[in-house]
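Visitor: I have a structure here, written as structure tokens, and I will follow up with some questions on it.
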Amino acid sequence: MPADRSRLRRPDVPRAGTGIVHLGLGAFYRAHGAIYIAEAMEKSGGDWGIVGVSLVRPDQRDLLRPQDFAYTAVELGPGGEKPQIVSVISNVLVAPEDPKAVLDVLSVPTTRIVTLTVTEKGYCHEPSTGRLNRDHPDIRHDLASPGAPKSAIGFLVRALERRRAAGAKPFTVLCCDNLPENGRVVRGIVLEFAGLVDQGLAEWIEAEAAFPSTMVDRIVPATKPEDIERLADRTGVLDLSPVMHEPFRQWVVEDNFVDDLRPDLGAVGVELVLDVTPYEHMKLRCLNGTHSSLAYLGYLAGHETISDTVADPVFAAFVRRLWSNEIVPVLHAPPGVDLGAYTSSLFERYANPAIRHRTWQIAMDGSQKLPQRILGTVMESLTAGRMPRGLILAIAAWMRYVGGLDEKGQPIDVRDPLAAELRALSDGAVGAEEKVSALLGVGKIFPADLAGHAAFREALVKSYRGLIEKGAREMTKDVTNA
Ligand code: CS2
């Protein structure tokens with residue numbers, strides 16, 4: 001680490017008032033939503049400064065505080081790197097240290113919007129149904145401890161409860177995670193939790209709050225130590241928490257905010273629409289669905305990143321086939337969108353060698369991701385009488401991955417809230433057929449009609465067996481050429 005560098009400081013410009021609280025301050029939001037919001041304020045003004053909240057660890061706050069919460073966002077394009085300083089965050093709170101401070105900032109009437117990137121598992125819901133998981137330890141805790149929630153859902157409901165008691169308006173909840181119909185799902189989870197607290201509160205939230213759905217898109221790989229050093233060498237200033245992102249970005253938002261209060265997002269390229277569903281389906285299935293497929297198969301085949309994986313002609317042909325033969329045929333394009341052009345541009349984005357997005361990173365939390373990314377397409381294909389063999393191979397690769405051993409017999413560091421349960425199911429079964437059955441039986445992931453589909457199950461067992469016998473690369477080749 002270059003020791004002689006001075007530390008990045010926030011540029012000396014007036015700070016806007018705070019209007020947004022963001023829950024789950026990870027790299028993605030800092031490289032996406034925060035930049036759009038900063039640009040919207042530059043263009044059209046407004047007090048939309050952001051207070052970030054870390055729900056688990058203090059790391060982000062500790063890195064950003066000495067920089068007065070400014071950071072560098074570095075665009076990694078084929079033509080080189082473009083850094084810019086983002087200074088829209090005015091403070092970062094660490095929820096476990098002081099949950100009351102978080103409730104306080106959520107409760108002040110000037111907070112009009114709460115944005116969220118808490119990842120799929122952060123909603124404490126059941127991925128296959130979208131309903132609140134009432135047995136989740138954080139949910140149980142939050143139901144019992146009104147003054148000190150742990151989960152994002154607990155914070156939202158307890159803050160809304162306070163706002164109602166104070167006669168204030170609710171805020172708009174703007175989910176920026178890759179869940180299907182994310183606003184509607186989060187609304188359902190919040191209402192379910194609120195109903196367990198106080199039915200009147202649930203009714204008030206239902207009538208008064210807003211939960212616009214959004215589609216968010218930008219590839220933001222985790223920042224690596226070498227990125228920090230390279231940036232410091234280039235700028236002469238040390239930023240210990242920069243974010244790295246591709247040039248592309250897209251944000252589609254349902255224009256449904258409490259009292260119409262929001263930053264001027266339309267002025268900076270955000271698409272404000274009536275119904276986000278077709279955009280979400282397109283993105284979750286075309287992008288995230290193939291990302292996860294390439295992540296499991298690519299990882300097993302020994303590829304470190306997505307760009308390495310698609311540089312291998314076997315996987316390049318495979319992903320193109322997934323789009324053209326399996327995903328697009330059962331997808332409704334959003335108005336005016338050419339899905340062929342959309343998927344070609346996805347391929348270019350994956351191939352960008354400047355983006356070192358690890359297959360292992362994308363493979364994380366598969367239990368929370370498979371339903372909206374892959375299983376919906378599979379189910380609809382089966383209903384239409386099609387057998388999506390490439391996506392089935394990807395599911396088999398996920399099953400192999402959560403079994404915890406790679407093709408060389410080396411352990412895989414599986415990160416997933418269900419990792420232990422999945423590993424135990426896999427270990428407790430013998431042979432492809434039993435292992436596939438055991439994992440298909442996890443109802444939190446696989447809906448019963450899919451798990452019970454005989455031809456699907458048979459194809460999955462065949463794929464799983466193939467992965468054991470021939471390996472991921474050969475199987476990918478076979479499926480692509482079939
Ligand atoms: C990725 C996403 O890590 C993952 O699961 O598929 O983070 C993906 O890069 C973004 O959704 C792109 O918008």
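Each chain in the structure tokens gets a letter, A, B and so on, in the order shown; residues start at 1 in every chain, and ligands are counted from 1 in the order they appear.
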What's around Cys176 (chain A) at 7 Å? Count only C-alpha atoms, leave out sequence neighbours fewer than 5 positions away in its own chain, and write the answer as a PyMOL selection string.

Guide: chain A and resi 115-117+214+216

Visitor: Let me see if you get this right: every residue at most 6 Å from ligand 1, counting only C-alpha atoms and all ligand atoms, written as a list in words.

Guide: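 Those within range of ligand 1 are Val216, Asp217, Arg218, Ile219, Val220, Asn288, His291, Gln361 and Ile362 of chain A.
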
Visitor: Do a neighbour search on Cys124 (chain A) at 10 Å with only C-alpha atoms, toss out local chain neighbours closer than 5 positions, and write the hits as a ChimeraX atom specification.

Guide: /A:130-139,151-153,189

Visitor: Quick one: residues within 12 Å of Pro149 (chain A), only C-alpha atoms counted, chain neighbours fewer than 2 positions away excluded, as JSON, numbers by chain?

Guide: {"A": [55, 56, 95, 96, 97, 98, 99, 100, 101, 102, 103, 137, 138, 139, 140, 141, 142, 143, 144, 145, 146, 147, 151, 152, 153, 154, 155, 156, 157, 158, 159]}

Visitor: Keeping only N, CA, C and O atoms, take the residues you just selected and write them out as a compact mmCIF listing (two decimals), in the first residue's frame.

Guide:
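Result file follows (out08.txt):
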# COMPACT_ATOMS: atom_id res chain seq x y z
N LEU A 55 -25.69 -2.66 7.85
CA LEU A 55 -26.52 -3.46 8.77
C LEU A 55 -25.71 -4.50 9.54
O LEU A 55 -26.19 -5.08 10.50
N VAL A 56 -24.50 -4.77 9.06
CA VAL A 56 -23.74 -5.83 9.72
C VAL A 56 -22.40 -5.32 10.27
O VAL A 56 -22.19 -5.31 11.48
N ALA A 95 -25.56 -0.13 12.08
CA ALA A 95 -26.77 -0.49 12.84
C ALA A 95 -26.49 -1.27 14.12
O ALA A 95 -27.05 -0.92 15.17
N PRO A 96 -25.66 -2.31 14.10
CA PRO A 96 -25.49 -3.06 15.35
C PRO A 96 -24.88 -2.23 16.47
O PRO A 96 -25.11 -2.49 17.65
N GLU A 97 -24.12 -1.18 16.13
CA GLU A 97 -23.53 -0.33 17.17
C GLU A 97 -24.57 0.58 17.80
O GLU A 97 -24.50 0.90 18.98
N ASP A 98 -25.51 1.06 16.97
CA ASP A 98 -26.46 2.04 17.47
C ASP A 98 -27.77 1.98 16.67
O ASP A 98 -28.06 2.86 15.85
N PRO A 99 -28.57 0.96 16.92
CA PRO A 99 -29.80 0.83 16.14
C PRO A 99 -30.74 2.02 16.33
O PRO A 99 -31.49 2.39 15.43
N LYS A 100 -30.66 2.65 17.50
CA LYS A 100 -31.55 3.79 17.75
C LYS A 100 -31.24 4.96 16.82
O LYS A 100 -32.15 5.63 16.32
N ALA A 101 -29.96 5.18 16.56
CA ALA A 101 -29.57 6.27 15.65
C ALA A 101 -30.15 6.00 14.25
O ALA A 101 -30.55 6.93 13.55
N VAL A 102 -30.20 4.74 13.87
CA VAL A 102 -30.75 4.39 12.55
C VAL A 102 -32.26 4.65 12.55
O VAL A 102 -32.79 5.26 11.62
N LEU A 103 -32.93 4.22 13.61
CA LEU A 103 -34.38 4.49 13.69
C LEU A 103 -34.65 5.99 13.70
O LEU A 103 -35.60 6.46 13.06
N PRO A 137 -34.02 -15.97 12.41
CA PRO A 137 -33.64 -15.47 13.75
C PRO A 137 -33.74 -13.94 13.86
O PRO A 137 -34.16 -13.43 14.91
N ASP A 138 -33.38 -13.21 12.80
CA ASP A 138 -33.44 -11.74 12.89
C ASP A 138 -34.89 -11.26 12.95
O ASP A 138 -35.20 -10.27 13.62
N ILE A 139 -35.77 -11.93 12.25
CA ILE A 139 -37.19 -11.54 12.28
C ILE A 139 -37.78 -11.82 13.66
O ILE A 139 -38.49 -10.99 14.24
N ARG A 140 -37.43 -12.97 14.21
CA ARG A 140 -37.92 -13.27 15.57
C ARG A 140 -37.41 -12.23 16.55
O ARG A 140 -38.14 -11.74 17.41
N HIS A 141 -36.14 -11.90 16.39
CA HIS A 141 -35.56 -10.88 17.27
C HIS A 141 -36.29 -9.55 17.10
O HIS A 141 -36.66 -8.89 18.08
N ASP A 142 -36.51 -9.16 15.86
CA ASP A 142 -37.08 -7.83 15.60
C ASP A 142 -38.55 -7.73 16.03
O ASP A 142 -39.03 -6.65 16.37
N LEU A 143 -39.24 -8.85 16.02
CA LEU A 143 -40.62 -8.82 16.51
C LEU A 143 -40.64 -8.60 18.02
O LEU A 143 -41.53 -7.95 18.56
N ALA A 144 -39.58 -9.12 18.67
CA ALA A 144 -39.54 -9.04 20.14
C ALA A 144 -38.87 -7.75 20.64
O ALA A 144 -39.04 -7.40 21.81
N SER A 145 -38.09 -7.07 19.80
CA SER A 145 -37.32 -5.91 20.28
C SER A 145 -37.59 -4.67 19.44
O SER A 145 -36.79 -4.34 18.56
N PRO A 146 -38.68 -3.98 19.69
CA PRO A 146 -39.06 -2.85 18.84
C PRO A 146 -38.01 -1.75 18.75
O PRO A 146 -37.88 -1.10 17.73
N GLY A 147 -37.22 -1.55 19.81
CA GLY A 147 -36.30 -0.41 19.82
C GLY A 147 -34.95 -0.71 19.20
O GLY A 147 -34.13 0.20 19.05
N SER A 151 -32.77 -6.48 11.28
CA SER A 151 -32.97 -6.71 9.84
C SER A 151 -33.48 -5.44 9.17
O SER A 151 -34.06 -4.55 9.82
N ALA A 152 -33.28 -5.38 7.86
CA ALA A 152 -33.80 -4.24 7.08
C ALA A 152 -35.31 -4.15 7.26
O ALA A 152 -35.86 -3.06 7.44
N ILE A 153 -35.99 -5.27 7.23
CA ILE A 153 -37.45 -5.27 7.35
C ILE A 153 -37.85 -4.73 8.72
O ILE A 153 -38.77 -3.92 8.85
N GLY A 154 -37.14 -5.16 9.76
CA GLY A 154 -37.42 -4.66 11.12
C GLY A 154 -37.25 -3.15 11.18
O GLY A 154 -38.09 -2.43 11.72
N PHE A 155 -36.16 -2.64 10.61
CA PHE A 155 -35.94 -1.19 10.63
C PHE A 155 -37.05 -0.45 9.88
O PHE A 155 -37.56 0.56 10.36
N LEU A 156 -37.42 -0.96 8.72
CA LEU A 156 -38.46 -0.27 7.94
C LEU A 156 -39.76 -0.20 8.73
O LEU A 156 -40.37 0.87 8.88
N VAL A 157 -40.18 -1.34 9.27
CA VAL A 157 -41.49 -1.36 9.94
C VAL A 157 -41.46 -0.55 11.24
O VAL A 157 -42.38 0.23 11.51
N ARG A 158 -40.39 -0.68 12.01
CA ARG A 158 -40.34 0.06 13.28
C ARG A 158 -40.27 1.57 13.03
O ARG A 158 -40.83 2.37 13.78
N ALA A 159 -39.58 1.96 11.96
CA ALA A 159 -39.51 3.40 11.65
C ALA A 159 -40.87 3.88 11.15
O ALA A 159 -41.33 4.97 11.51

Visitor: List the neighbours of region 343-349 of chain A out to 10 Å using only C-alpha atoms; skip same-chain residues closer than 6 positions along the sequence, and give me the result as a list in words.

Guide: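 Near region 343-349 of chain A, the qualifying residues are Gly77, Pro78, Arg218, Ile219, Glu246, Pro247, Phe248, Met282, Lys283, Cys286, Leu287, Thr290, Ile306, Ser307, Val310, Ala316, Val319, Arg320, Trp323, Ser324, Val328 and Ile355 of chain A.
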
Visitor: Output N, CA, C and O atoms for every residue in the selection just made, as a CSV table (one decimal), in the first residue's frame.

Guide:
chain,number,residue,atom,x,y,z
A,77,GLY,N,-13.4,0.8,-18.6
A,77,GLY,CA,-13.9,0.6,-20.0
A,77,GLY,C,-12.8,0.0,-20.8
A,77,GLY,O,-11.6,0.0,-20.4
A,78,PRO,N,-13.1,-0.5,-22.0
A,78,PRO,CA,-12.1,-1.1,-22.9
A,78,PRO,C,-11.0,0.0,-23.2
A,78,PRO,O,-9.9,-0.3,-23.4
A,218,ARG,N,-25.8,-2.7,-13.4
A,218,ARG,CA,-24.4,-2.3,-13.6
A,218,ARG,C,-23.5,-3.4,-13.0
A,218,ARG,O,-23.8,-3.8,-11.9
A,219,ILE,N,-22.5,-3.8,-13.8
A,219,ILE,CA,-21.6,-4.8,-13.2
A,219,ILE,C,-20.5,-4.1,-12.4
A,219,ILE,O,-19.8,-3.3,-12.9
A,246,GLU,N,-18.3,-1.1,-14.6
A,246,GLU,CA,-18.3,-1.0,-16.1
A,246,GLU,C,-18.9,0.3,-16.6
A,246,GLU,O,-19.6,0.9,-15.8
A,247,PRO,N,-18.8,0.6,-17.8
A,247,PRO,CA,-19.4,1.9,-18.3
A,247,PRO,C,-20.9,1.8,-18.3
A,247,PRO,O,-21.6,2.8,-18.1
A,248,PHE,N,-21.5,0.7,-18.7
A,248,PHE,CA,-22.9,0.5,-18.8
A,248,PHE,C,-23.7,0.7,-17.5
A,248,PHE,O,-23.2,0.3,-16.4
A,282,MET,N,-36.6,-9.3,-18.1
A,282,MET,CA,-35.5,-9.3,-19.1
A,282,MET,C,-34.1,-9.4,-18.4
A,282,MET,O,-33.3,-10.2,-18.7
A,283,LYS,N,-33.9,-8.5,-17.4
A,283,LYS,CA,-32.6,-8.4,-16.8
A,283,LYS,C,-32.3,-9.6,-16.0
A,283,LYS,O,-31.2,-10.1,-16.1
A,286,CYS,N,-32.0,-12.7,-18.5
A,286,CYS,CA,-31.0,-12.6,-19.6
A,286,CYS,C,-29.6,-12.4,-18.9
A,286,CYS,O,-28.6,-13.0,-19.3
A,287,LEU,N,-29.5,-11.4,-18.0
A,287,LEU,CA,-28.2,-11.1,-17.4
A,287,LEU,C,-28.0,-12.1,-16.2
A,287,LEU,O,-27.1,-12.9,-16.3
A,290,THR,N,-27.8,-15.9,-16.8
A,290,THR,CA,-26.6,-16.4,-17.5
A,290,THR,C,-25.4,-16.2,-16.6
A,290,THR,O,-24.4,-17.0,-16.7
A,306,ILE,N,-15.8,-14.0,-15.1
A,306,ILE,CA,-16.7,-14.1,-16.2
A,306,ILE,C,-16.0,-13.8,-17.5
A,306,ILE,O,-16.3,-14.5,-18.5
A,307,SER,N,-15.1,-12.8,-17.6
A,307,SER,CA,-14.5,-12.6,-18.9
A,307,SER,C,-13.6,-13.7,-19.3
A,307,SER,O,-13.5,-14.1,-20.5
A,310,VAL,N,-16.1,-16.4,-20.7
A,310,VAL,CA,-16.6,-16.3,-22.1
A,310,VAL,C,-15.5,-16.1,-23.1
A,310,VAL,O,-15.8,-16.1,-24.3
A,316,ALA,N,-18.6,-19.4,-24.6
A,316,ALA,CA,-19.1,-18.3,-25.4
A,316,ALA,C,-20.3,-18.9,-26.2
A,316,ALA,O,-21.4,-18.3,-26.3
A,319,VAL,N,-23.4,-19.7,-23.8
A,319,VAL,CA,-24.2,-18.6,-23.3
A,319,VAL,C,-25.0,-18.0,-24.4
A,319,VAL,O,-26.2,-17.6,-24.2
A,320,ARG,N,-24.5,-18.0,-25.6
A,320,ARG,CA,-25.3,-17.5,-26.7
A,320,ARG,C,-26.5,-18.4,-27.0
A,320,ARG,O,-27.6,-18.0,-27.3
A,323,TRP,N,-29.3,-17.8,-24.4
A,323,TRP,CA,-30.2,-16.7,-24.8
A,323,TRP,C,-31.1,-17.0,-25.9
A,323,TRP,O,-32.3,-16.9,-25.8
A,324,SER,N,-30.5,-17.5,-27.0
A,324,SER,CA,-31.3,-17.7,-28.2
A,324,SER,C,-32.3,-18.8,-28.1
A,324,SER,O,-33.4,-18.7,-28.6
A,328,VAL,N,-34.8,-16.3,-24.3
A,328,VAL,CA,-35.6,-15.3,-25.1
A,328,VAL,C,-36.9,-15.9,-25.6
A,328,VAL,O,-37.9,-15.3,-25.5
A,355,ILE,N,-13.0,-5.9,-16.5
A,355,ILE,CA,-13.9,-6.2,-15.4
A,355,ILE,C,-13.5,-7.6,-14.9
A,355,ILE,O,-13.8,-8.6,-15.5

Visitor: Of the candidates A:Glu203, A:Asp264, A:Asp239, A:Asp12, which one gets nearest to Ile37 (chain A) if we count only C-alpha atoms?

Guide: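 Using only C-alpha atoms, Ile37 (chain A) sits closest to A:Asp264.
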
Visitor: What gap, in Å, lies between CA of Glu120 (chain A) and CA of His281 (chain A)?

Guide: 15.7 Å

Visitor: Give the alpha helix (DSSP H) residues of region 179-285 of chain A, as assigned by DSSP on the backbone, as a ChimeraX atom specification.

Guide: /A:182-197,199-208,225-235,277-282

Visitor: Within region 182-322 of chain A, find each residue whose DSSP state, derived from the backbone, is strand (DSSP E), and express the selection as JSON, numbers by chain.

Guide: {"A": [214, 215, 216, 217, 237, 238, 243, 244, 245, 250, 251, 252, 253, 254, 271, 272, 273]}

Visitor: If we count only C-alpha atoms and set the cut-off at 12 Å, which residues sit around Glu433 (chain A), ignoring sequence neighbours fewer than 2 positions away in its own chain? Please answer as a list of chain:residue names.

Guide: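 Listed by chain and then number, they are A:Ala396, A:Met399, A:Ser426, A:Ala429, A:Val430, A:Gly431, A:Lys435, A:Val436, A:Ser437, A:Ala438, A:Leu439, A:Leu440, A:Arg457, A:Glu458, A:Ala459, A:Leu460, A:Val461, A:Lys462, A:Ser463, A:Tyr464, A:Arg465, A:Gly466.
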
Visitor: Quick one: contact table of region 339-386 of chain A to region 401-415 of chain A, 10 Å max, nearest atom pair and distance in Å to one decimal per residue, counting only C-alpha atoms, chain and number order, as JSON lines?

Guide:
{"residue": "A:Trp360", "atom": "CA", "partner": "A:Asp413", "partner_atom": "CA", "distance": 8.5}
{"residue": "A:Gln361", "atom": "CA", "partner": "A:Arg415", "partner_atom": "CA", "distance": 8.9}
{"residue": "A:Ala363", "atom": "CA", "partner": "A:Arg415", "partner_atom": "CA", "distance": 8.1}
{"residue": "A:Met364", "atom": "CA", "partner": "A:Arg415", "partner_atom": "CA", "distance": 5.2}
{"residue": "A:Asp365", "atom": "CA", "partner": "A:Arg415", "partner_atom": "CA", "distance": 6.1}
{"residue": "A:Gly366", "atom": "CA", "partner": "A:Arg415", "partner_atom": "CA", "distance": 8.6}
{"residue": "A:Ser367", "atom": "CA", "partner": "A:Val402", "partner_atom": "CA", "distance": 9.5}

Visitor: Looking at A:Leu422, A:Val270, A:Val92, A:Val185, which one is nearest to Gly33 (chain A), with distances taken over only C-alpha atoms?

Guide: A:Val270
